[in-house]
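What's in final-v4.cif: mmCIF, N, CA and C atoms
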data_input
#
loop_
_atom_site.label_atom_id
_atom_site.label_comp_id
_atom_site.auth_asym_id
_atom_site.auth_seq_id
_atom_site.Cartn_x
_atom_site.Cartn_y
_atom_site.Cartn_z
N MET A 459 20.89 1.62 -30.80
CA MET A 459 21.52 1.32 -29.52
C MET A 459 20.69 0.33 -28.73
N GLY A 460 19.36 0.49 -28.74
CA GLY A 460 18.47 -0.40 -27.99
C GLY A 460 18.59 -1.85 -28.43
N GLN A 461 18.66 -2.10 -29.74
CA GLN A 461 18.79 -3.46 -30.27
C GLN A 461 20.08 -4.12 -29.79
N PHE A 462 21.15 -3.34 -29.77
CA PHE A 462 22.43 -3.88 -29.31
C PHE A 462 22.33 -4.34 -27.86
N CYS A 463 21.69 -3.55 -27.00
CA CYS A 463 21.53 -3.92 -25.58
C CYS A 463 20.75 -5.21 -25.44
N ILE A 464 19.71 -5.38 -26.25
CA ILE A 464 18.91 -6.60 -26.18
C ILE A 464 19.78 -7.79 -26.58
N ASP A 465 20.59 -7.66 -27.62
CA ASP A 465 21.45 -8.75 -28.06
C ASP A 465 22.46 -9.12 -26.97
N VAL A 466 23.02 -8.14 -26.31
CA VAL A 466 23.98 -8.41 -25.24
C VAL A 466 23.29 -9.17 -24.11
N GLN A 467 22.08 -8.79 -23.79
CA GLN A 467 21.34 -9.49 -22.73
C GLN A 467 21.11 -10.95 -23.12
N LYS A 468 20.74 -11.20 -24.36
CA LYS A 468 20.53 -12.57 -24.83
C LYS A 468 21.83 -13.37 -24.78
N ILE A 469 22.90 -12.73 -25.17
CA ILE A 469 24.21 -13.40 -25.14
C ILE A 469 24.57 -13.77 -23.70
N ARG A 470 24.35 -12.86 -22.79
CA ARG A 470 24.65 -13.14 -21.38
C ARG A 470 23.79 -14.28 -20.85
N GLU A 471 22.52 -14.30 -21.21
CA GLU A 471 21.63 -15.38 -20.76
C GLU A 471 22.10 -16.73 -21.28
N ARG A 472 22.48 -16.78 -22.57
CA ARG A 472 22.98 -18.04 -23.15
C ARG A 472 24.28 -18.46 -22.47
N ALA A 473 25.16 -17.50 -22.22
CA ALA A 473 26.44 -17.82 -21.57
C ALA A 473 26.21 -18.38 -20.18
N ARG A 474 25.30 -17.77 -19.42
CA ARG A 474 25.01 -18.29 -18.06
C ARG A 474 24.45 -19.70 -18.11
N LYS A 475 23.57 -19.95 -19.08
CA LYS A 475 22.99 -21.29 -19.23
C LYS A 475 24.10 -22.31 -19.49
N HIS A 476 25.01 -21.98 -20.40
CA HIS A 476 26.10 -22.90 -20.73
C HIS A 476 27.06 -23.07 -19.56
N MET A 477 27.30 -22.02 -18.81
CA MET A 477 28.19 -22.13 -17.64
C MET A 477 27.59 -23.08 -16.60
N GLU A 478 26.28 -23.04 -16.44
CA GLU A 478 25.63 -23.92 -15.47
C GLU A 478 25.72 -25.38 -15.91
N GLN A 479 25.79 -25.63 -17.22
CA GLN A 479 25.91 -26.99 -17.73
C GLN A 479 27.29 -27.58 -17.46
N GLY A 480 28.26 -26.72 -17.20
CA GLY A 480 29.61 -27.20 -16.93
C GLY A 480 30.43 -27.34 -18.20
N ALA A 481 31.47 -28.15 -18.11
CA ALA A 481 32.42 -28.28 -19.21
C ALA A 481 31.85 -29.05 -20.40
N ILE A 482 30.83 -29.84 -20.16
CA ILE A 482 30.27 -30.66 -21.21
C ILE A 482 28.86 -30.15 -21.52
N THR A 483 28.72 -29.51 -22.64
CA THR A 483 27.41 -29.01 -23.07
C THR A 483 26.80 -29.99 -24.06
N ASP A 484 25.55 -29.76 -24.42
CA ASP A 484 24.88 -30.62 -25.41
C ASP A 484 25.62 -30.62 -26.75
N GLY A 485 26.31 -29.53 -27.03
CA GLY A 485 27.04 -29.42 -28.29
C GLY A 485 28.39 -30.13 -28.31
N TYR A 486 28.83 -30.67 -27.16
CA TYR A 486 30.14 -31.33 -27.09
C TYR A 486 30.03 -32.70 -27.75
N LYS A 487 30.70 -32.89 -28.86
CA LYS A 487 30.57 -34.12 -29.64
C LYS A 487 31.82 -35.01 -29.58
N ALA A 488 32.87 -34.56 -28.93
CA ALA A 488 34.11 -35.34 -28.90
C ALA A 488 33.93 -36.59 -28.05
N ASP A 489 34.73 -37.60 -28.34
CA ASP A 489 34.77 -38.83 -27.55
C ASP A 489 35.51 -38.52 -26.25
N ARG A 490 34.76 -38.31 -25.16
CA ARG A 490 35.38 -37.88 -23.90
C ARG A 490 36.45 -38.85 -23.42
N LYS A 491 36.21 -40.13 -23.55
CA LYS A 491 37.20 -41.12 -23.10
C LYS A 491 38.52 -40.92 -23.84
N ARG A 492 38.44 -40.74 -25.14
CA ARG A 492 39.66 -40.55 -25.95
C ARG A 492 40.31 -39.21 -25.62
N VAL A 493 39.51 -38.18 -25.44
CA VAL A 493 40.06 -36.87 -25.10
C VAL A 493 40.80 -36.94 -23.77
N ILE A 494 40.23 -37.64 -22.79
CA ILE A 494 40.88 -37.77 -21.48
C ILE A 494 42.18 -38.57 -21.61
N GLU A 495 42.19 -39.60 -22.46
CA GLU A 495 43.43 -40.36 -22.69
C GLU A 495 44.52 -39.46 -23.26
N VAL A 496 44.17 -38.67 -24.26
CA VAL A 496 45.14 -37.77 -24.89
C VAL A 496 45.61 -36.71 -23.89
N LEU A 497 44.67 -36.18 -23.10
CA LEU A 497 45.05 -35.19 -22.10
C LEU A 497 45.97 -35.79 -21.04
N ASN A 498 45.75 -37.04 -20.67
CA ASN A 498 46.64 -37.68 -19.70
C ASN A 498 48.03 -37.89 -20.30
N GLU A 499 48.12 -38.14 -21.59
CA GLU A 499 49.43 -38.21 -22.25
C GLU A 499 50.10 -36.84 -22.22
N ALA A 500 49.32 -35.80 -22.49
CA ALA A 500 49.86 -34.43 -22.43
C ALA A 500 50.29 -34.08 -21.01
N LEU A 501 49.51 -34.52 -20.04
CA LEU A 501 49.86 -34.30 -18.64
C LEU A 501 51.19 -34.97 -18.30
N ALA A 502 51.35 -36.21 -18.72
CA ALA A 502 52.60 -36.93 -18.48
C ALA A 502 53.77 -36.20 -19.14
N THR A 503 53.55 -35.69 -20.34
CA THR A 503 54.60 -34.96 -21.06
C THR A 503 55.01 -33.71 -20.29
N GLU A 504 54.03 -32.96 -19.82
CA GLU A 504 54.34 -31.74 -19.05
C GLU A 504 55.07 -32.08 -17.75
N LEU A 505 54.67 -33.15 -17.09
CA LEU A 505 55.33 -33.54 -15.84
C LEU A 505 56.78 -33.96 -16.09
N VAL A 506 57.01 -34.72 -17.15
CA VAL A 506 58.38 -35.12 -17.50
C VAL A 506 59.22 -33.90 -17.83
N CYS A 507 58.65 -32.96 -18.56
CA CYS A 507 59.39 -31.73 -18.89
C CYS A 507 59.70 -30.94 -17.62
N THR A 508 58.75 -30.88 -16.70
CA THR A 508 59.00 -30.21 -15.42
C THR A 508 60.18 -30.85 -14.71
N LEU A 509 60.18 -32.16 -14.65
CA LEU A 509 61.27 -32.88 -13.97
C LEU A 509 62.60 -32.66 -14.68
N ARG A 510 62.57 -32.65 -16.00
CA ARG A 510 63.82 -32.45 -16.75
C ARG A 510 64.39 -31.06 -16.49
N TYR A 511 63.54 -30.04 -16.50
CA TYR A 511 64.02 -28.68 -16.21
C TYR A 511 64.53 -28.56 -14.78
N LYS A 512 63.87 -29.25 -13.86
CA LYS A 512 64.35 -29.23 -12.47
C LYS A 512 65.72 -29.90 -12.39
N ARG A 513 65.89 -30.98 -13.13
CA ARG A 513 67.18 -31.65 -13.13
C ARG A 513 68.27 -30.75 -13.70
N HIS A 514 67.97 -30.06 -14.78
CA HIS A 514 68.93 -29.09 -15.35
C HIS A 514 69.24 -28.00 -14.32
N TYR A 515 68.21 -27.54 -13.61
CA TYR A 515 68.39 -26.50 -12.60
C TYR A 515 69.39 -26.94 -11.54
N TYR A 516 69.22 -28.14 -11.03
CA TYR A 516 70.11 -28.62 -9.97
C TYR A 516 71.48 -29.05 -10.49
N ALA A 517 71.56 -29.36 -11.78
CA ALA A 517 72.84 -29.80 -12.35
C ALA A 517 73.73 -28.64 -12.79
N ALA A 518 73.15 -27.47 -12.97
CA ALA A 518 73.92 -26.31 -13.46
C ALA A 518 74.99 -25.92 -12.43
N LYS A 519 76.20 -25.80 -12.90
CA LYS A 519 77.32 -25.46 -12.02
C LYS A 519 78.19 -24.41 -12.70
N GLY A 520 79.01 -23.76 -11.93
CA GLY A 520 79.96 -22.83 -12.51
C GLY A 520 79.67 -21.39 -12.13
N ILE A 521 80.61 -20.55 -12.49
CA ILE A 521 80.59 -19.16 -12.08
C ILE A 521 79.39 -18.40 -12.65
N HIS A 522 78.92 -18.78 -13.82
CA HIS A 522 77.81 -18.08 -14.47
C HIS A 522 76.51 -18.90 -14.42
N SER A 523 76.44 -19.85 -13.52
CA SER A 523 75.31 -20.76 -13.52
C SER A 523 74.02 -20.17 -12.95
N GLU A 524 74.11 -19.14 -12.12
CA GLU A 524 72.90 -18.62 -11.47
C GLU A 524 71.85 -18.14 -12.47
N SER A 525 72.25 -17.41 -13.49
CA SER A 525 71.26 -16.94 -14.46
C SER A 525 70.68 -18.11 -15.25
N VAL A 526 71.51 -19.08 -15.57
CA VAL A 526 71.05 -20.27 -16.29
C VAL A 526 70.10 -21.06 -15.40
N LYS A 527 70.45 -21.21 -14.13
CA LYS A 527 69.60 -21.94 -13.19
C LYS A 527 68.22 -21.29 -13.10
N GLN A 528 68.20 -19.96 -13.04
CA GLN A 528 66.91 -19.26 -12.93
C GLN A 528 66.06 -19.48 -14.18
N GLU A 529 66.71 -19.56 -15.32
CA GLU A 529 65.99 -19.83 -16.58
C GLU A 529 65.36 -21.22 -16.54
N PHE A 530 66.13 -22.21 -16.10
CA PHE A 530 65.60 -23.57 -15.98
C PHE A 530 64.45 -23.62 -14.98
N LEU A 531 64.59 -22.92 -13.88
CA LEU A 531 63.55 -22.90 -12.85
C LEU A 531 62.26 -22.28 -13.38
N GLU A 532 62.39 -21.22 -14.16
CA GLU A 532 61.21 -20.58 -14.75
C GLU A 532 60.52 -21.52 -15.74
N HIS A 533 61.31 -22.23 -16.55
CA HIS A 533 60.72 -23.20 -17.49
C HIS A 533 60.01 -24.31 -16.72
N ALA A 534 60.60 -24.77 -15.64
CA ALA A 534 59.96 -25.81 -14.82
C ALA A 534 58.64 -25.31 -14.26
N ARG A 535 58.61 -24.06 -13.80
CA ARG A 535 57.38 -23.48 -13.26
C ARG A 535 56.30 -23.41 -14.34
N GLN A 536 56.69 -23.01 -15.55
CA GLN A 536 55.73 -22.92 -16.64
C GLN A 536 55.18 -24.29 -17.02
N GLU A 537 56.06 -25.28 -17.09
CA GLU A 537 55.61 -26.63 -17.44
C GLU A 537 54.65 -27.16 -16.37
N GLN A 538 54.93 -26.88 -15.10
CA GLN A 538 54.05 -27.31 -14.02
C GLN A 538 52.69 -26.62 -14.14
N GLU A 539 52.71 -25.36 -14.51
CA GLU A 539 51.44 -24.63 -14.71
C GLU A 539 50.63 -25.28 -15.83
N HIS A 540 51.30 -25.66 -16.91
CA HIS A 540 50.61 -26.34 -18.01
C HIS A 540 50.01 -27.66 -17.51
N ALA A 541 50.77 -28.40 -16.73
CA ALA A 541 50.28 -29.66 -16.18
C ALA A 541 49.04 -29.42 -15.32
N ASP A 542 49.06 -28.38 -14.53
CA ASP A 542 47.91 -28.07 -13.68
C ASP A 542 46.67 -27.74 -14.52
N TRP A 543 46.86 -26.99 -15.60
CA TRP A 543 45.74 -26.66 -16.48
C TRP A 543 45.15 -27.92 -17.11
N ILE A 544 46.02 -28.80 -17.56
CA ILE A 544 45.57 -30.04 -18.19
C ILE A 544 44.83 -30.91 -17.17
N ALA A 545 45.38 -31.03 -15.97
CA ALA A 545 44.72 -31.83 -14.92
C ALA A 545 43.34 -31.26 -14.61
N GLU A 546 43.22 -29.95 -14.57
CA GLU A 546 41.92 -29.32 -14.31
C GLU A 546 40.94 -29.64 -15.43
N ARG A 547 41.40 -29.61 -16.67
CA ARG A 547 40.50 -29.93 -17.79
C ARG A 547 40.05 -31.38 -17.74
N ILE A 548 40.95 -32.27 -17.38
CA ILE A 548 40.58 -33.68 -17.23
C ILE A 548 39.48 -33.81 -16.19
N ASN A 549 39.62 -33.12 -15.08
CA ASN A 549 38.57 -33.11 -14.04
C ASN A 549 37.26 -32.59 -14.59
N GLN A 550 37.31 -31.50 -15.35
CA GLN A 550 36.10 -30.91 -15.91
C GLN A 550 35.37 -31.89 -16.82
N LEU A 551 36.13 -32.74 -17.50
CA LEU A 551 35.54 -33.71 -18.41
C LEU A 551 35.09 -34.99 -17.70
N GLY A 552 35.24 -35.02 -16.38
CA GLY A 552 34.80 -36.18 -15.61
C GLY A 552 35.83 -37.29 -15.52
N GLY A 553 37.08 -36.99 -15.86
CA GLY A 553 38.14 -37.99 -15.79
C GLY A 553 39.00 -37.79 -14.56
N PHE A 554 40.04 -38.58 -14.47
CA PHE A 554 40.98 -38.51 -13.35
C PHE A 554 42.39 -38.28 -13.90
N PRO A 555 43.02 -37.17 -13.51
CA PRO A 555 44.40 -36.93 -13.95
C PRO A 555 45.32 -38.03 -13.43
N ASP A 556 46.14 -38.58 -14.31
CA ASP A 556 47.03 -39.69 -13.95
C ASP A 556 48.40 -39.14 -13.55
N PHE A 557 48.59 -39.01 -12.24
CA PHE A 557 49.87 -38.54 -11.69
C PHE A 557 50.74 -39.71 -11.23
N ASN A 558 50.33 -40.92 -11.51
CA ASN A 558 51.08 -42.08 -11.07
C ASN A 558 52.48 -42.06 -11.70
N PRO A 559 53.54 -42.05 -10.87
CA PRO A 559 54.88 -42.01 -11.44
C PRO A 559 55.25 -43.30 -12.19
N GLU A 560 54.58 -44.40 -11.84
CA GLU A 560 54.85 -45.65 -12.54
C GLU A 560 54.34 -45.54 -13.97
N GLY A 561 55.22 -45.67 -14.92
CA GLY A 561 54.86 -45.58 -16.32
C GLY A 561 54.79 -44.16 -16.86
N LEU A 562 55.18 -43.18 -16.04
CA LEU A 562 55.11 -41.78 -16.47
C LEU A 562 55.87 -41.55 -17.76
N SER A 563 57.08 -42.05 -17.84
CA SER A 563 57.88 -41.82 -19.05
C SER A 563 57.28 -42.54 -20.26
N GLY A 564 56.59 -43.65 -20.03
CA GLY A 564 55.94 -44.35 -21.14
C GLY A 564 54.72 -43.63 -21.67
N ARG A 565 54.05 -42.87 -20.81
CA ARG A 565 52.87 -42.10 -21.23
C ARG A 565 53.26 -40.76 -21.85
N SER A 566 54.48 -40.33 -21.60
CA SER A 566 54.94 -39.02 -22.03
C SER A 566 55.42 -39.04 -23.48
N HIS A 567 55.30 -37.90 -24.12
CA HIS A 567 55.85 -37.74 -25.47
C HIS A 567 57.19 -37.01 -25.43
N SER A 568 57.76 -36.94 -24.24
CA SER A 568 59.08 -36.34 -24.05
C SER A 568 59.94 -37.34 -23.30
N ASP A 569 61.23 -37.19 -23.45
CA ASP A 569 62.16 -38.14 -22.86
C ASP A 569 62.96 -37.48 -21.76
N ILE A 570 62.82 -37.97 -20.54
CA ILE A 570 63.54 -37.38 -19.43
C ILE A 570 65.04 -37.69 -19.50
N SER A 571 65.42 -38.71 -20.26
CA SER A 571 66.84 -39.07 -20.33
C SER A 571 67.68 -38.04 -21.06
N ARG A 572 67.04 -37.03 -21.65
CA ARG A 572 67.80 -35.97 -22.30
C ARG A 572 68.48 -35.08 -21.26
N ALA A 573 68.17 -35.32 -19.99
CA ALA A 573 68.78 -34.53 -18.92
C ALA A 573 70.25 -34.92 -18.78
N PRO A 574 71.07 -34.00 -18.31
CA PRO A 574 72.50 -34.32 -18.16
C PRO A 574 72.72 -35.38 -17.09
N THR A 575 73.74 -36.14 -17.25
CA THR A 575 74.06 -37.15 -16.25
C THR A 575 75.00 -36.54 -15.21
N SER A 576 75.02 -37.13 -14.06
CA SER A 576 75.84 -36.63 -12.96
C SER A 576 77.32 -36.86 -13.26
N PRO A 577 78.18 -35.89 -12.97
CA PRO A 577 79.60 -36.05 -13.25
C PRO A 577 80.29 -36.94 -12.21
N ARG A 578 79.56 -37.38 -11.21
CA ARG A 578 80.18 -38.21 -10.16
C ARG A 578 80.48 -39.59 -10.60
#

Translate this file's structure into structure tokens.
Amino acid sequence: MGQFCIDVQKIRERARKHMEQGAITDGYKADRKRVIEVLNEALATELVCTLRYKRHYYAAKGIHSESVKQEFLEHARQEQEHADWIAERINQLGGFPDFNPEGLSGRSHSDISRAPTSPR
């Protein structure tokens, strides 16, 4: 039992040391610039998906549309949460999340045009 307690203490000490170093430790070998580029593409994708679900939410009509609308709204909320997580990771890596709407669809791996068109 005593040996186990010592190991846990060592693990905690190492974890605290790494936490103080932040998101980038000495062991981080990835190309941060490229990782941030890919994460910004993922961010754009999540934002486009959020917008598409919001569009579906507002476009839903009819007697049974309320349950469908709530489903779209929940998907939009989830996609926005994913976008927030990605933006936070970009910050942790020392980058800047690209929320610029100009070129958003070009940076995204999803297509907002899949949304329904207005019947007007």

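If all atoms listed in the file are the atoms counted, then among A:Asp465, A:Glu537, A:Glu546, A:Glu529 the closest residue to Thr503 in chain A is A:Glu537.
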
>> As a check of understanding, name the residues that the PyMOL selection byres (((chain A and resi 555-562 and name CA) around 12) and name CA) selects in the supplied structure, as an MDAnalysis selection string.
In response: chainID A and resid 493:507 509 541:554 563:570

>> Please return, as a ChimeraX atom specification, all residues of chain A that DSSP assigns to alpha helix (DSSP H) on the basis of the backbone.
In response: /A:460-479,490-517,523-550,562-565

> Could you name the residues that touch Phe530 in chain A at 6 Å or less, counting all atoms listed in the file, but leaving out those on the same chain fewer than 5 positions away, as a list in words?
Replying inline: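 So, after excluding close chain neighbours, the residues are Tyr511, Lys512, His514, Tyr515 and Arg535 of chain A.
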
Kindly save the residues from that selection, with N, CA and C atoms included, as a compact mmCIF listing (two decimals), keeping the file's coordinate frame.
# COMPACT_ATOMS: atom_id res chain seq x y z
N TYR A 511 63.54 -30.04 -16.50
CA TYR A 511 64.02 -28.68 -16.21
C TYR A 511 64.53 -28.56 -14.78
N LYS A 512 63.87 -29.25 -13.86
CA LYS A 512 64.35 -29.23 -12.47
C LYS A 512 65.72 -29.90 -12.39
N HIS A 514 67.97 -30.06 -14.78
CA HIS A 514 68.93 -29.09 -15.35
C HIS A 514 69.24 -28.00 -14.32
N TYR A 515 68.21 -27.54 -13.61
CA TYR A 515 68.39 -26.50 -12.60
C TYR A 515 69.39 -26.94 -11.54
N ARG A 535 58.61 -24.06 -13.80
CA ARG A 535 57.38 -23.48 -13.26
C ARG A 535 56.30 -23.41 -14.34

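Interatomic distance, CA of Lys527 in chain A against CA of Thr508 in chain A: 13.6 Å.
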
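If you look at CA of Asp489 in chain A and CA of Arg474 in chain A, they are 24.6 Å away from each other.
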
> What does the distance from CA of Arg510 in chain A to CA of Ala534 in chain A come to in Å, to one decimal?
Replying inline: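 Calculated distance between CA of Arg510 in chain A and CA of Ala534 in chain A is 7.9 Å.
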
> With distances taken over only C-alpha atoms, which of A:Lys475, A:Arg492, A:Lys519, A:Arg513 is nearest to Leu531 in chain A?
Replying inline: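 The closest residue to Leu531 in chain A is A:Arg513.
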